[in-house]
Amino acid sequence: MRRPLVAGNWKMNGTCSSVAALSQQLHEMKLGGEVDVAVLPGALHIGQAREGLKGSSISLGAQDCSVEPDFYARTGEVCAAQLADIGCVWVLVGHSERRLMLGEGNELVARKFLAAQSKGLIPILCVGETLAQREAGDFWSIIRGQVEAVVELAGVPAFAGAVVAYEPVWAIGTGKTASPDEAQAVHAAIRGWIAERSESVAAGLRIVYGGSVKASNAAELFAKPDIDGGLVGGASLNAEEFGAICRAARI
Ligand code: 13P
C-alpha cells in the first residue's frame, strides 16, 4: 500500500505575516497521521514556515532547486544542499510554470531531479501536457518524454522513493479539473511504463495529481487506484480547505 502524499505548493505567494498565520493554523489542525502532508513555501519563507511548523508532522519542501547540487557561484539560485540544510524533505522539479515560462526542458529537469536526490531530498517530478498538446492527440508522448528523460540519465531505479506529479497544464489555476477517470488513465500509463522496466519501482512509486484540486473534488480523485494524493496550488493557501483535502486522502 502506498502512503498518500498531499503537498501544498504555495507558489510565489505569501508575506512574513501571512506565512506565520498559515503555518500556525496548519500546525493547530494536527494534519498528518496516515497521510504525508507537506508544504512548499517560496524559498524566502521556508525558514519561517519551519519555525511555525516545528513539532508538527507537516514536512517542508521547495518549489525548485539548482542543477548544481552544492554550494557554487550561481547568483540567485538555491541548491539542494541548502534546501537539505534548512530542513526540506521534498523539492518540485519541472513544474509547468517553470517549463513554459522559464524554458526548462526535460534534460535540465532530469538533472535537477538527480541533484535533489544526491543531497537526500525527495524529488517530485512534475509532468503534464498543455491543452494544445491534449487536443493534438498524442499527449502521452509528451508525458512519457518528461519521465523518460530521468530514466535516460539515471535509470529506472532513480524513481525508487521519488514522486511524480501529473499536472495537466490546462487544469492548473483554471478551476477545470481533469475528471477522476482522465487523471487515472494518465497515472496508470505512467505506472505501466515504469513497470515495463521495474515492477517493484512502479508498485512503490507515488503518483499524485495536481490541477484545481479542492476539498470538493479531492475524495473522488484520491479514490482512484493510481492516484496517491495531490499537489495543491491555490487551495493550499487556505488552511481549512487544505486540511479537508488532506483528510480526503486518508486511506
Ligand atoms: P492549482 O491547484 O492552483 O490549480 O495549482 C496546481 C499546481 O500547479 C500545483 O503545483
# chains A, B, ... in the order shown; residues from 1 in each chain; ligands from 1
$ residues_around --residues "A:Lys119" --least-positions-apart "6" --cutoff "12 Å" --atoms "only C-alpha atoms" --output "mmCIF file with all heavy atoms, in the first residue's frame"
data_model
loop_
_atom_site.group_PDB
_atom_site.id
_atom_site.type_symbol
_atom_site.label_atom_id
_atom_site.label_comp_id
_atom_site.auth_asym_id
_atom_site.auth_seq_id
_atom_site.Cartn_x
_atom_site.Cartn_y
_atom_site.Cartn_z
ATOM 1 N N CYS A 65 15.045 23.592 -7.452
ATOM 2 C CA CYS A 65 16.445 23.659 -6.992
ATOM 3 C C CYS A 65 17.347 23.848 -8.204
ATOM 4 O O CYS A 65 16.936 23.622 -9.346
ATOM 5 C CB CYS A 65 16.835 22.402 -6.209
ATOM 6 S SG CYS A 65 16.882 20.893 -7.185
ATOM 7 N N SER A 66 18.561 24.238 -7.918
ATOM 8 C CA SER A 66 19.550 24.427 -8.981
ATOM 9 C C SER A 66 19.995 23.065 -9.534
ATOM 10 O O SER A 66 19.897 22.053 -8.835
ATOM 11 C CB SER A 66 20.759 25.161 -8.395
ATOM 12 O OG SER A 66 21.815 25.191 -9.324
ATOM 13 N N VAL A 67 20.511 23.043 -10.745
ATOM 14 C CA VAL A 67 21.115 21.799 -11.243
ATOM 15 C C VAL A 67 22.425 21.519 -10.505
ATOM 16 O O VAL A 67 22.887 20.391 -10.485
ATOM 17 C CB VAL A 67 21.418 21.812 -12.763
ATOM 18 C CG1 VAL A 67 20.163 21.769 -13.571
ATOM 19 C CG2 VAL A 67 22.270 22.990 -13.162
ATOM 20 N N GLU A 68 23.017 22.562 -9.931
ATOM 21 C CA GLU A 68 24.231 22.380 -9.128
ATOM 22 C C GLU A 68 23.803 21.936 -7.740
ATOM 23 O O GLU A 68 23.167 22.705 -7.013
ATOM 24 C CB GLU A 68 24.986 23.713 -8.993
ATOM 25 C CG GLU A 68 25.743 24.143 -10.206
ATOM 26 C CD GLU A 68 26.820 23.150 -10.612
ATOM 27 O OE1 GLU A 68 27.312 22.404 -9.746
ATOM 28 O OE2 GLU A 68 27.145 23.127 -11.801
ATOM 29 N N PRO A 69 24.128 20.736 -7.326
ATOM 30 C CA PRO A 69 23.650 20.276 -6.020
ATOM 31 C C PRO A 69 24.312 20.999 -4.846
ATOM 32 O O PRO A 69 23.715 21.133 -3.775
ATOM 33 C CB PRO A 69 24.000 18.782 -6.004
ATOM 34 C CG PRO A 69 25.006 18.582 -7.089
ATOM 35 C CD PRO A 69 24.826 19.680 -8.085
ATOM 36 N N ASP A 70 25.549 21.455 -5.077
ATOM 37 C CA ASP A 70 26.334 22.003 -3.965
ATOM 38 C C ASP A 70 26.527 23.509 -4.063
ATOM 39 O O ASP A 70 26.286 24.092 -5.105
ATOM 40 C CB ASP A 70 27.707 21.335 -3.949
ATOM 41 C CG ASP A 70 27.665 20.027 -3.201
ATOM 42 O OD1 ASP A 70 27.240 20.044 -2.040
ATOM 43 O OD2 ASP A 70 28.027 19.000 -3.804
ATOM 44 N N PHE A 71 27.054 24.071 -2.982
ATOM 45 C CA PHE A 71 27.388 25.493 -2.913
ATOM 46 C C PHE A 71 28.274 25.842 -4.103
ATOM 47 O O PHE A 71 29.214 25.117 -4.409
ATOM 48 C CB PHE A 71 28.104 25.782 -1.582
ATOM 49 C CG PHE A 71 27.373 25.170 -0.415
ATOM 50 C CD1 PHE A 71 27.825 24.003 0.190
ATOM 51 C CD2 PHE A 71 26.187 25.725 0.042
ATOM 52 C CE1 PHE A 71 27.121 23.410 1.231
ATOM 53 C CE2 PHE A 71 25.473 25.136 1.087
ATOM 54 C CZ PHE A 71 25.948 23.981 1.674
ATOM 55 N N CYS A 79 20.563 25.793 -3.972
ATOM 56 C CA CYS A 79 20.981 24.416 -4.276
ATOM 57 C C CYS A 79 20.356 23.424 -3.299
ATOM 58 O O CYS A 79 19.899 23.781 -2.207
ATOM 59 C CB CYS A 79 22.498 24.285 -4.291
ATOM 60 S SG CYS A 79 23.315 24.553 -2.718
ATOM 61 N N ALA A 80 20.382 22.166 -3.720
ATOM 62 C CA ALA A 80 19.779 21.103 -2.906
ATOM 63 C C ALA A 80 20.459 21.012 -1.536
ATOM 64 O O ALA A 80 19.797 20.731 -0.531
ATOM 65 C CB ALA A 80 19.864 19.775 -3.654
ATOM 66 N N ALA A 81 21.766 21.259 -1.506
ATOM 67 C CA ALA A 81 22.471 21.189 -0.214
ATOM 68 C C ALA A 81 21.904 22.228 0.758
ATOM 69 O O ALA A 81 21.753 21.959 1.957
ATOM 70 C CB ALA A 81 23.969 21.423 -0.424
ATOM 71 N N GLN A 82 21.573 23.407 0.237
ATOM 72 C CA GLN A 82 20.985 24.450 1.110
ATOM 73 C C GLN A 82 19.580 24.056 1.555
ATOM 74 O O GLN A 82 19.179 24.301 2.690
ATOM 75 C CB GLN A 82 20.939 25.789 0.357
ATOM 76 C CG GLN A 82 22.308 26.395 0.118
ATOM 77 C CD GLN A 82 22.226 27.635 -0.776
ATOM 78 O OE1 GLN A 82 21.597 27.614 -1.831
ATOM 79 N NE2 GLN A 82 22.880 28.704 -0.347
ATOM 80 N N LEU A 83 18.835 23.463 0.640
ATOM 81 C CA LEU A 83 17.463 23.052 0.988
ATOM 82 C C LEU A 83 17.479 21.953 2.043
ATOM 83 O O LEU A 83 16.675 21.962 2.986
ATOM 84 C CB LEU A 83 16.721 22.589 -0.275
ATOM 85 C CG LEU A 83 16.493 23.668 -1.336
ATOM 86 C CD1 LEU A 83 15.851 23.063 -2.582
ATOM 87 C CD2 LEU A 83 15.625 24.808 -0.793
ATOM 88 N N ALA A 84 18.406 21.023 1.897
ATOM 89 C CA ALA A 84 18.512 19.955 2.899
ATOM 90 C C ALA A 84 18.914 20.561 4.244
ATOM 91 O O ALA A 84 18.374 20.200 5.300
ATOM 92 C CB ALA A 84 19.524 18.911 2.442
ATOM 93 N N ASP A 85 19.818 21.513 4.198
ATOM 94 C CA ASP A 85 20.313 22.139 5.438
ATOM 95 C C ASP A 85 19.203 22.864 6.197
ATOM 96 O O ASP A 85 19.153 22.856 7.422
ATOM 97 C CB ASP A 85 21.440 23.123 5.082
ATOM 98 C CG ASP A 85 21.936 23.884 6.294
ATOM 99 O OD1 ASP A 85 22.465 23.237 7.206
ATOM 100 O OD2 ASP A 85 21.761 25.127 6.335
ATOM 101 N N GLY A 87 16.135 22.043 6.204
ATOM 102 C CA GLY A 87 15.131 21.096 6.700
ATOM 103 C C GLY A 87 14.117 20.638 5.670
ATOM 104 O O GLY A 87 13.094 20.041 6.019
ATOM 105 N N CYS A 88 14.377 20.895 4.395
ATOM 106 C CA CYS A 88 13.448 20.408 3.371
ATOM 107 C C CYS A 88 13.575 18.896 3.199
ATOM 108 O O CYS A 88 14.664 18.334 3.290
ATOM 109 C CB CYS A 88 13.744 21.069 2.020
ATOM 110 S SG CYS A 88 13.206 22.773 1.951
ATOM 111 N N VAL A 89 12.446 18.298 2.927
ATOM 112 C CA VAL A 89 12.385 16.866 2.628
ATOM 113 C C VAL A 89 12.145 16.675 1.126
ATOM 114 O O VAL A 89 12.655 15.755 0.517
ATOM 115 C CB VAL A 89 11.225 16.220 3.434
ATOM 116 C CG1 VAL A 89 11.009 14.756 3.030
ATOM 117 C CG2 VAL A 89 11.493 16.327 4.941
ATOM 118 N N TRP A 90 11.375 17.577 0.550
ATOM 119 C CA TRP A 90 10.895 17.432 -0.826
ATOM 120 C C TRP A 90 11.352 18.606 -1.679
ATOM 121 O O TRP A 90 11.551 19.711 -1.155
ATOM 122 C CB TRP A 90 9.353 17.461 -0.869
ATOM 123 C CG TRP A 90 8.666 16.710 0.221
ATOM 124 C CD1 TRP A 90 8.323 17.188 1.464
ATOM 125 C CD2 TRP A 90 8.243 15.345 0.198
ATOM 126 N NE1 TRP A 90 7.706 16.208 2.193
ATOM 127 C CE2 TRP A 90 7.635 15.061 1.443
ATOM 128 C CE3 TRP A 90 8.301 14.335 -0.764
ATOM 129 C CZ2 TRP A 90 7.105 13.814 1.757
ATOM 130 C CZ3 TRP A 90 7.762 13.089 -0.450
ATOM 131 C CH2 TRP A 90 7.173 12.850 0.794
ATOM 132 N N VAL A 91 11.419 18.399 -2.981
ATOM 133 C CA VAL A 91 11.581 19.545 -3.883
ATOM 134 C C VAL A 91 10.894 19.237 -5.216
ATOM 135 O O VAL A 91 11.045 18.155 -5.770
ATOM 136 C CB VAL A 91 13.072 19.946 -4.066
ATOM 137 C CG1 VAL A 91 13.918 18.824 -4.654
ATOM 138 C CG2 VAL A 91 13.193 21.189 -4.953
ATOM 139 N N LYS A 112 18.101 18.308 -12.397
ATOM 140 C CA LYS A 112 17.669 18.835 -11.097
ATOM 141 C C LYS A 112 17.166 17.692 -10.206
ATOM 142 O O LYS A 112 17.402 17.674 -9.001
ATOM 143 C CB LYS A 112 16.556 19.873 -11.287
ATOM 144 C CG LYS A 112 17.055 21.163 -11.910
ATOM 145 C CD LYS A 112 15.959 22.214 -11.963
ATOM 146 C CE LYS A 112 16.552 23.562 -12.416
ATOM 147 N NZ LYS A 112 15.664 24.681 -12.163
ATOM 148 N N PHE A 113 16.458 16.765 -10.823
ATOM 149 C CA PHE A 113 15.937 15.591 -10.105
ATOM 150 C C PHE A 113 17.104 14.859 -9.427
ATOM 151 O O PHE A 113 17.052 14.539 -8.236
ATOM 152 C CB PHE A 113 15.248 14.696 -11.140
ATOM 153 C CG PHE A 113 14.551 13.469 -10.617
ATOM 154 C CD1 PHE A 113 13.166 13.427 -10.536
ATOM 155 C CD2 PHE A 113 15.260 12.321 -10.269
ATOM 156 C CE1 PHE A 113 12.500 12.281 -10.105
ATOM 157 C CE2 PHE A 113 14.609 11.171 -9.837
ATOM 158 C CZ PHE A 113 13.224 11.155 -9.755
#
$ residues_around --residues "A:Ala21" --least-positions-apart "6" --cutoff "10 Å" --atoms "only C-alpha atoms" --output "PyMOL selection string"
chain A and resi 15+27+49+52+239
$ residues_near_ligand --ligand "ligand 1" --cutoff "9 Å" --atoms "only C-alpha atoms and all ligand atoms" --output "PyMOL selection string"
chain A and resi 7-11+63+92+95-97+126+165+167-177+209-214+230-236
$ write_last_selection --atoms "C-alpha atoms" --output "mmCIF file, in the first residue's frame"
data_model
loop_
_atom_site.group_PDB
_atom_site.id
_atom_site.type_symbol
_atom_site.label_atom_id
_atom_site.label_comp_id
_atom_site.auth_asym_id
_atom_site.auth_seq_id
_atom_site.Cartn_x
_atom_site.Cartn_y
_atom_site.Cartn_z
ATOM 1 C CA ALA A 7 1.655 18.715 -0.780
ATOM 2 C CA GLY A 8 0.696 22.380 -0.833
ATOM 3 C CA ASN A 9 2.563 24.376 -3.448
ATOM 4 C CA TRP A 10 2.343 27.946 -2.227
ATOM 5 C CA LYS A 11 3.988 29.192 -5.442
ATOM 6 C CA GLN A 63 9.492 24.598 -5.413
ATOM 7 C CA LEU A 92 9.488 20.073 -7.002
ATOM 8 C CA HIS A 95 6.743 22.456 -12.602
ATOM 9 C CA SER A 96 4.949 23.508 -15.787
ATOM 10 C CA GLU A 97 5.155 27.176 -14.800
ATOM 11 C CA CYS A 126 6.023 17.419 -12.359
ATOM 12 C CA ALA A 165 3.030 14.716 -10.011
ATOM 13 C CA GLU A 167 -0.465 18.171 -13.538
ATOM 14 C CA PRO A 168 -2.284 18.787 -16.809
ATOM 15 C CA VAL A 169 -1.398 22.383 -17.635
ATOM 16 C CA TRP A 170 -4.981 23.161 -18.682
ATOM 17 C CA ALA A 171 -6.180 22.272 -15.192
ATOM 18 C CA ILE A 172 -3.737 24.456 -13.245
ATOM 19 C CA GLY A 173 -5.318 27.520 -11.705
ATOM 20 C CA THR A 174 -8.223 27.312 -14.117
ATOM 21 C CA GLY A 175 -10.817 25.689 -11.875
ATOM 22 C CA LYS A 176 -11.031 22.990 -14.542
ATOM 23 C CA THR A 177 -10.001 19.652 -13.030
ATOM 24 C CA TYR A 209 -2.449 14.600 -9.146
ATOM 25 C CA GLY A 210 -2.381 18.395 -9.397
ATOM 26 C CA GLY A 211 -4.644 20.895 -11.124
ATOM 27 C CA SER A 212 -7.510 22.658 -9.367
ATOM 28 C CA VAL A 213 -7.685 20.131 -6.524
ATOM 29 C CA LYS A 214 -10.213 21.354 -3.960
ATOM 30 C CA GLY A 230 -2.399 15.600 -4.566
ATOM 31 C CA LEU A 231 -0.202 18.561 -5.364
ATOM 32 C CA VAL A 232 -2.375 21.502 -4.422
ATOM 33 C CA GLY A 233 -1.855 25.087 -5.519
ATOM 34 C CA GLY A 234 -4.440 27.762 -4.782
ATOM 35 C CA ALA A 235 -6.444 25.711 -2.297
ATOM 36 C CA SER A 236 -3.353 25.104 -0.155
#
$ closest_residue --among "A:Ile227, A:Leu221, A:Met29, A:Val208" --to "A:Ala178" --atoms "only C-alpha atoms"
A:Leu221
$ residues_around --residues "A:Val186" --least-positions-apart "4" --cutoff "10 Å" --atoms "only C-alpha atoms" --output "list in words"
Gly128, Phe139, Trp140, Ile143, Arg144, Tyr166, Pro168, Asp181, Glu182, Ile190, Arg191, Gly192, Ile207, Tyr209, Asp226 and Ile227 of chain A
$ select_by_dssp --residues "stretch 49-182 of chain A" --states "strand (DSSP E or B)" --output "PyMOL selection string"
chain A and resi 59-62+88-93+122-127+163-166
$ residues_around --residues "A:Ala158" --least-positions-apart "3" --cutoff "9 Å" --atoms "only C-alpha atoms" --output "PDB file with all heavy atoms, in the first residue's frame"
ATOM      1  N   PHE A 113      16.458  16.765 -10.823  1.00  0.00           N
ATOM      2  CA  PHE A 113      15.937  15.591 -10.105  1.00  0.00           C
ATOM      3  C   PHE A 113      17.104  14.859  -9.427  1.00  0.00           C
ATOM      4  O   PHE A 113      17.052  14.539  -8.236  1.00  0.00           O
ATOM      5  CB  PHE A 113      15.248  14.696 -11.140  1.00  0.00           C
ATOM      6  CG  PHE A 113      14.551  13.469 -10.617  1.00  0.00           C
ATOM      7  CD1 PHE A 113      13.166  13.427 -10.536  1.00  0.00           C
ATOM      8  CD2 PHE A 113      15.260  12.321 -10.269  1.00  0.00           C
ATOM      9  CE1 PHE A 113      12.500  12.281 -10.105  1.00  0.00           C
ATOM     10  CE2 PHE A 113      14.609  11.171  -9.837  1.00  0.00           C
ATOM     11  CZ  PHE A 113      13.224  11.155  -9.755  1.00  0.00           C
ATOM     12  N   LEU A 114      18.171  14.646 -10.186  1.00  0.00           N
ATOM     13  CA  LEU A 114      19.320  13.925  -9.628  1.00  0.00           C
ATOM     14  C   LEU A 114      20.078  14.768  -8.613  1.00  0.00           C
ATOM     15  O   LEU A 114      20.582  14.249  -7.615  1.00  0.00           O
ATOM     16  CB  LEU A 114      20.264  13.489 -10.749  1.00  0.00           C
ATOM     17  CG  LEU A 114      19.680  12.478 -11.721  1.00  0.00           C
ATOM     18  CD1 LEU A 114      20.750  11.947 -12.654  1.00  0.00           C
ATOM     19  CD2 LEU A 114      19.019  11.306 -10.995  1.00  0.00           C
ATOM     20  N   GLN A 117      18.230  14.367  -5.383  1.00  0.00           N
ATOM     21  CA  GLN A 117      18.468  13.054  -4.759  1.00  0.00           C
ATOM     22  C   GLN A 117      19.875  12.948  -4.188  1.00  0.00           C
ATOM     23  O   GLN A 117      20.078  12.310  -3.161  1.00  0.00           O
ATOM     24  CB  GLN A 117      18.254  11.940  -5.786  1.00  0.00           C
ATOM     25  CG  GLN A 117      16.784  11.604  -5.965  1.00  0.00           C
ATOM     26  CD  GLN A 117      16.547  10.414  -6.877  1.00  0.00           C
ATOM     27  OE1 GLN A 117      17.322  10.162  -7.793  1.00  0.00           O
ATOM     28  NE2 GLN A 117      15.459   9.701  -6.639  1.00  0.00           N
ATOM     29  N   VAL A 150      14.479  11.318 -17.155  1.00  0.00           N
ATOM     30  CA  VAL A 150      15.119  10.918 -15.883  1.00  0.00           C
ATOM     31  C   VAL A 150      15.697   9.511 -16.035  1.00  0.00           C
ATOM     32  O   VAL A 150      16.815   9.219 -15.595  1.00  0.00           O
ATOM     33  CB  VAL A 150      14.100  10.970 -14.720  1.00  0.00           C
ATOM     34  CG1 VAL A 150      14.687  10.370 -13.449  1.00  0.00           C
ATOM     35  CG2 VAL A 150      13.634  12.407 -14.476  1.00  0.00           C
ATOM     36  N   VAL A 151      14.933   8.641 -16.695  1.00  0.00           N
ATOM     37  CA  VAL A 151      15.389   7.254 -16.864  1.00  0.00           C
ATOM     38  C   VAL A 151      16.645   7.220 -17.744  1.00  0.00           C
ATOM     39  O   VAL A 151      17.583   6.472 -17.483  1.00  0.00           O
ATOM     40  CB  VAL A 151      14.245   6.399 -17.457  1.00  0.00           C
ATOM     41  CG1 VAL A 151      14.727   5.004 -17.808  1.00  0.00           C
ATOM     42  CG2 VAL A 151      13.086   6.332 -16.457  1.00  0.00           C
ATOM     43  N   ALA A 154      19.517   8.405 -15.435  1.00  0.00           N
ATOM     44  CA  ALA A 154      19.869   7.684 -14.208  1.00  0.00           C
ATOM     45  C   ALA A 154      19.236   6.302 -14.084  1.00  0.00           C
ATOM     46  O   ALA A 154      19.445   5.627 -13.085  1.00  0.00           O
ATOM     47  CB  ALA A 154      19.445   8.540 -13.009  1.00  0.00           C
ATOM     48  N   GLY A 155      18.458   5.897 -15.062  1.00  0.00           N
ATOM     49  CA  GLY A 155      17.826   4.573 -14.979  1.00  0.00           C
ATOM     50  C   GLY A 155      16.563   4.615 -14.131  1.00  0.00           C
ATOM     51  O   GLY A 155      16.328   5.563 -13.372  1.00  0.00           O
ATOM     52  N   GLY A 161      11.407   5.575  -4.421  1.00  0.00           N
ATOM     53  CA  GLY A 161      11.306   6.567  -3.343  1.00  0.00           C
ATOM     54  C   GLY A 161      10.980   7.971  -3.835  1.00  0.00           C
ATOM     55  O   GLY A 161      10.787   8.878  -3.030  1.00  0.00           O
ATOM     56  N   ALA A 162      10.944   8.178  -5.135  1.00  0.00           N
ATOM     57  CA  ALA A 162      10.625   9.516  -5.667  1.00  0.00           C
ATOM     58  C   ALA A 162       9.112   9.653  -5.847  1.00  0.00           C
ATOM     59  O   ALA A 162       8.347   8.731  -5.561  1.00  0.00           O
ATOM     60  CB  ALA A 162      11.351   9.735  -6.990  1.00  0.00           C
ATOM     61  N   VAL A 201       9.680  -0.955  -8.617  1.00  0.00           N
ATOM     62  CA  VAL A 201       9.747   0.518  -8.560  1.00  0.00           C
ATOM     63  C   VAL A 201       8.368   1.094  -8.861  1.00  0.00           C
ATOM     64  O   VAL A 201       7.870   2.002  -8.173  1.00  0.00           O
ATOM     65  CB  VAL A 201      10.822   1.076  -9.523  1.00  0.00           C
ATOM     66  CG1 VAL A 201      10.723   2.596  -9.621  1.00  0.00           C
ATOM     67  CG2 VAL A 201      12.216   0.672  -9.058  1.00  0.00           C
TER      68      VAL A 201
END
$ select_by_dssp --residues "stretch 47-168 of chain A" --states "helix (DSSP H, G or I)" --output "PyMOL selection string"
chain A and resi 47-53+80-86+96-101+106-118+131-136+139-154+156-159
$ closest_residue --among "A:Gly120, A:Pro41, A:Pro4, A:Gly229" --to "A:Leu22" --atoms "only C-alpha atoms"
A:Pro41
$ decode --residues "stretch 186-197 of chain A" --atoms "N, CA, C and O atoms" --output "JSON list (two decimals), in the first residue's frame"
[["chain", "number", "residue", "atom", "x", "y", "z"],
["A", 186, "VAL", "N", -3.98, 8.58, -17.08],
["A", 186, "VAL", "CA", -2.58, 9.02, -17.24],
["A", 186, "VAL", "C", -1.71, 8.42, -16.14],
["A", 186, "VAL", "O", -0.59, 7.94, -16.39],
["A", 187, "HIS", "N", -2.22, 8.41, -14.91],
["A", 187, "HIS", "CA", -1.43, 7.83, -13.81],
["A", 187, "HIS", "C", -1.12, 6.36, -14.09],
["A", 187, "HIS", "O", 0.01, 5.90, -13.87],
["A", 188, "ALA", "N", -2.12, 5.65, -14.58],
["A", 188, "ALA", "CA", -1.92, 4.21, -14.88],
["A", 188, "ALA", "C", -0.90, 4.05, -16.02],
["A", 188, "ALA", "O", -0.08, 3.13, -15.99],
["A", 189, "ALA", "N", -0.94, 4.96, -16.98],
["A", 189, "ALA", "CA", 0.01, 4.86, -18.10],
["A", 189, "ALA", "C", 1.44, 5.11, -17.60],
["A", 189, "ALA", "O", 2.39, 4.42, -18.01],
["A", 190, "ILE", "N", 1.60, 6.08, -16.70],
["A", 190, "ILE", "CA", 2.95, 6.36, -16.16],
["A", 190, "ILE", "C", 3.44, 5.13, -15.38],
["A", 190, "ILE", "O", 4.55, 4.65, -15.56],
["A", 191, "ARG", "N", 2.56, 4.61, -14.51],
["A", 191, "ARG", "CA", 2.98, 3.45, -13.70],
["A", 191, "ARG", "C", 3.27, 2.25, -14.61],
["A", 191, "ARG", "O", 4.23, 1.51, -14.40],
["A", 192, "GLY", "N", 2.46, 2.09, -15.64],
["A", 192, "GLY", "CA", 2.66, 0.97, -16.56],
["A", 192, "GLY", "C", 3.99, 1.07, -17.30],
["A", 192, "GLY", "O", 4.70, 0.08, -17.47],
["A", 193, "TRP", "N", 4.33, 2.28, -17.70],
["A", 193, "TRP", "CA", 5.59, 2.48, -18.43],
["A", 193, "TRP", "C", 6.78, 2.16, -17.51],
["A", 193, "TRP", "O", 7.75, 1.54, -17.93],
["A", 194, "ILE", "N", 6.69, 2.59, -16.26],
["A", 194, "ILE", "CA", 7.76, 2.28, -15.29],
["A", 194, "ILE", "C", 7.78, 0.76, -15.02],
["A", 194, "ILE", "O", 8.84, 0.15, -14.93],
["A", 195, "ALA", "N", 6.60, 0.16, -14.93],
["A", 195, "ALA", "CA", 6.50, -1.27, -14.61],
["A", 195, "ALA", "C", 7.15, -2.13, -15.70],
["A", 195, "ALA", "O", 7.69, -3.20, -15.40],
["A", 196, "GLU", "N", 7.12, -1.65, -16.94],
["A", 196, "GLU", "CA", 7.78, -2.41, -18.01],
["A", 196, "GLU", "C", 9.28, -2.50, -17.76],
["A", 196, "GLU", "O", 9.97, -3.35, -18.29],
["A", 197, "ARG", "N", 9.79, -1.59, -16.96],
["A", 197, "ARG", "CA", 11.22, -1.56, -16.66],
["A", 197, "ARG", "C", 11.54, -2.08, -15.27],
["A", 197, "ARG", "O", 12.60, -2.64, -15.03]]
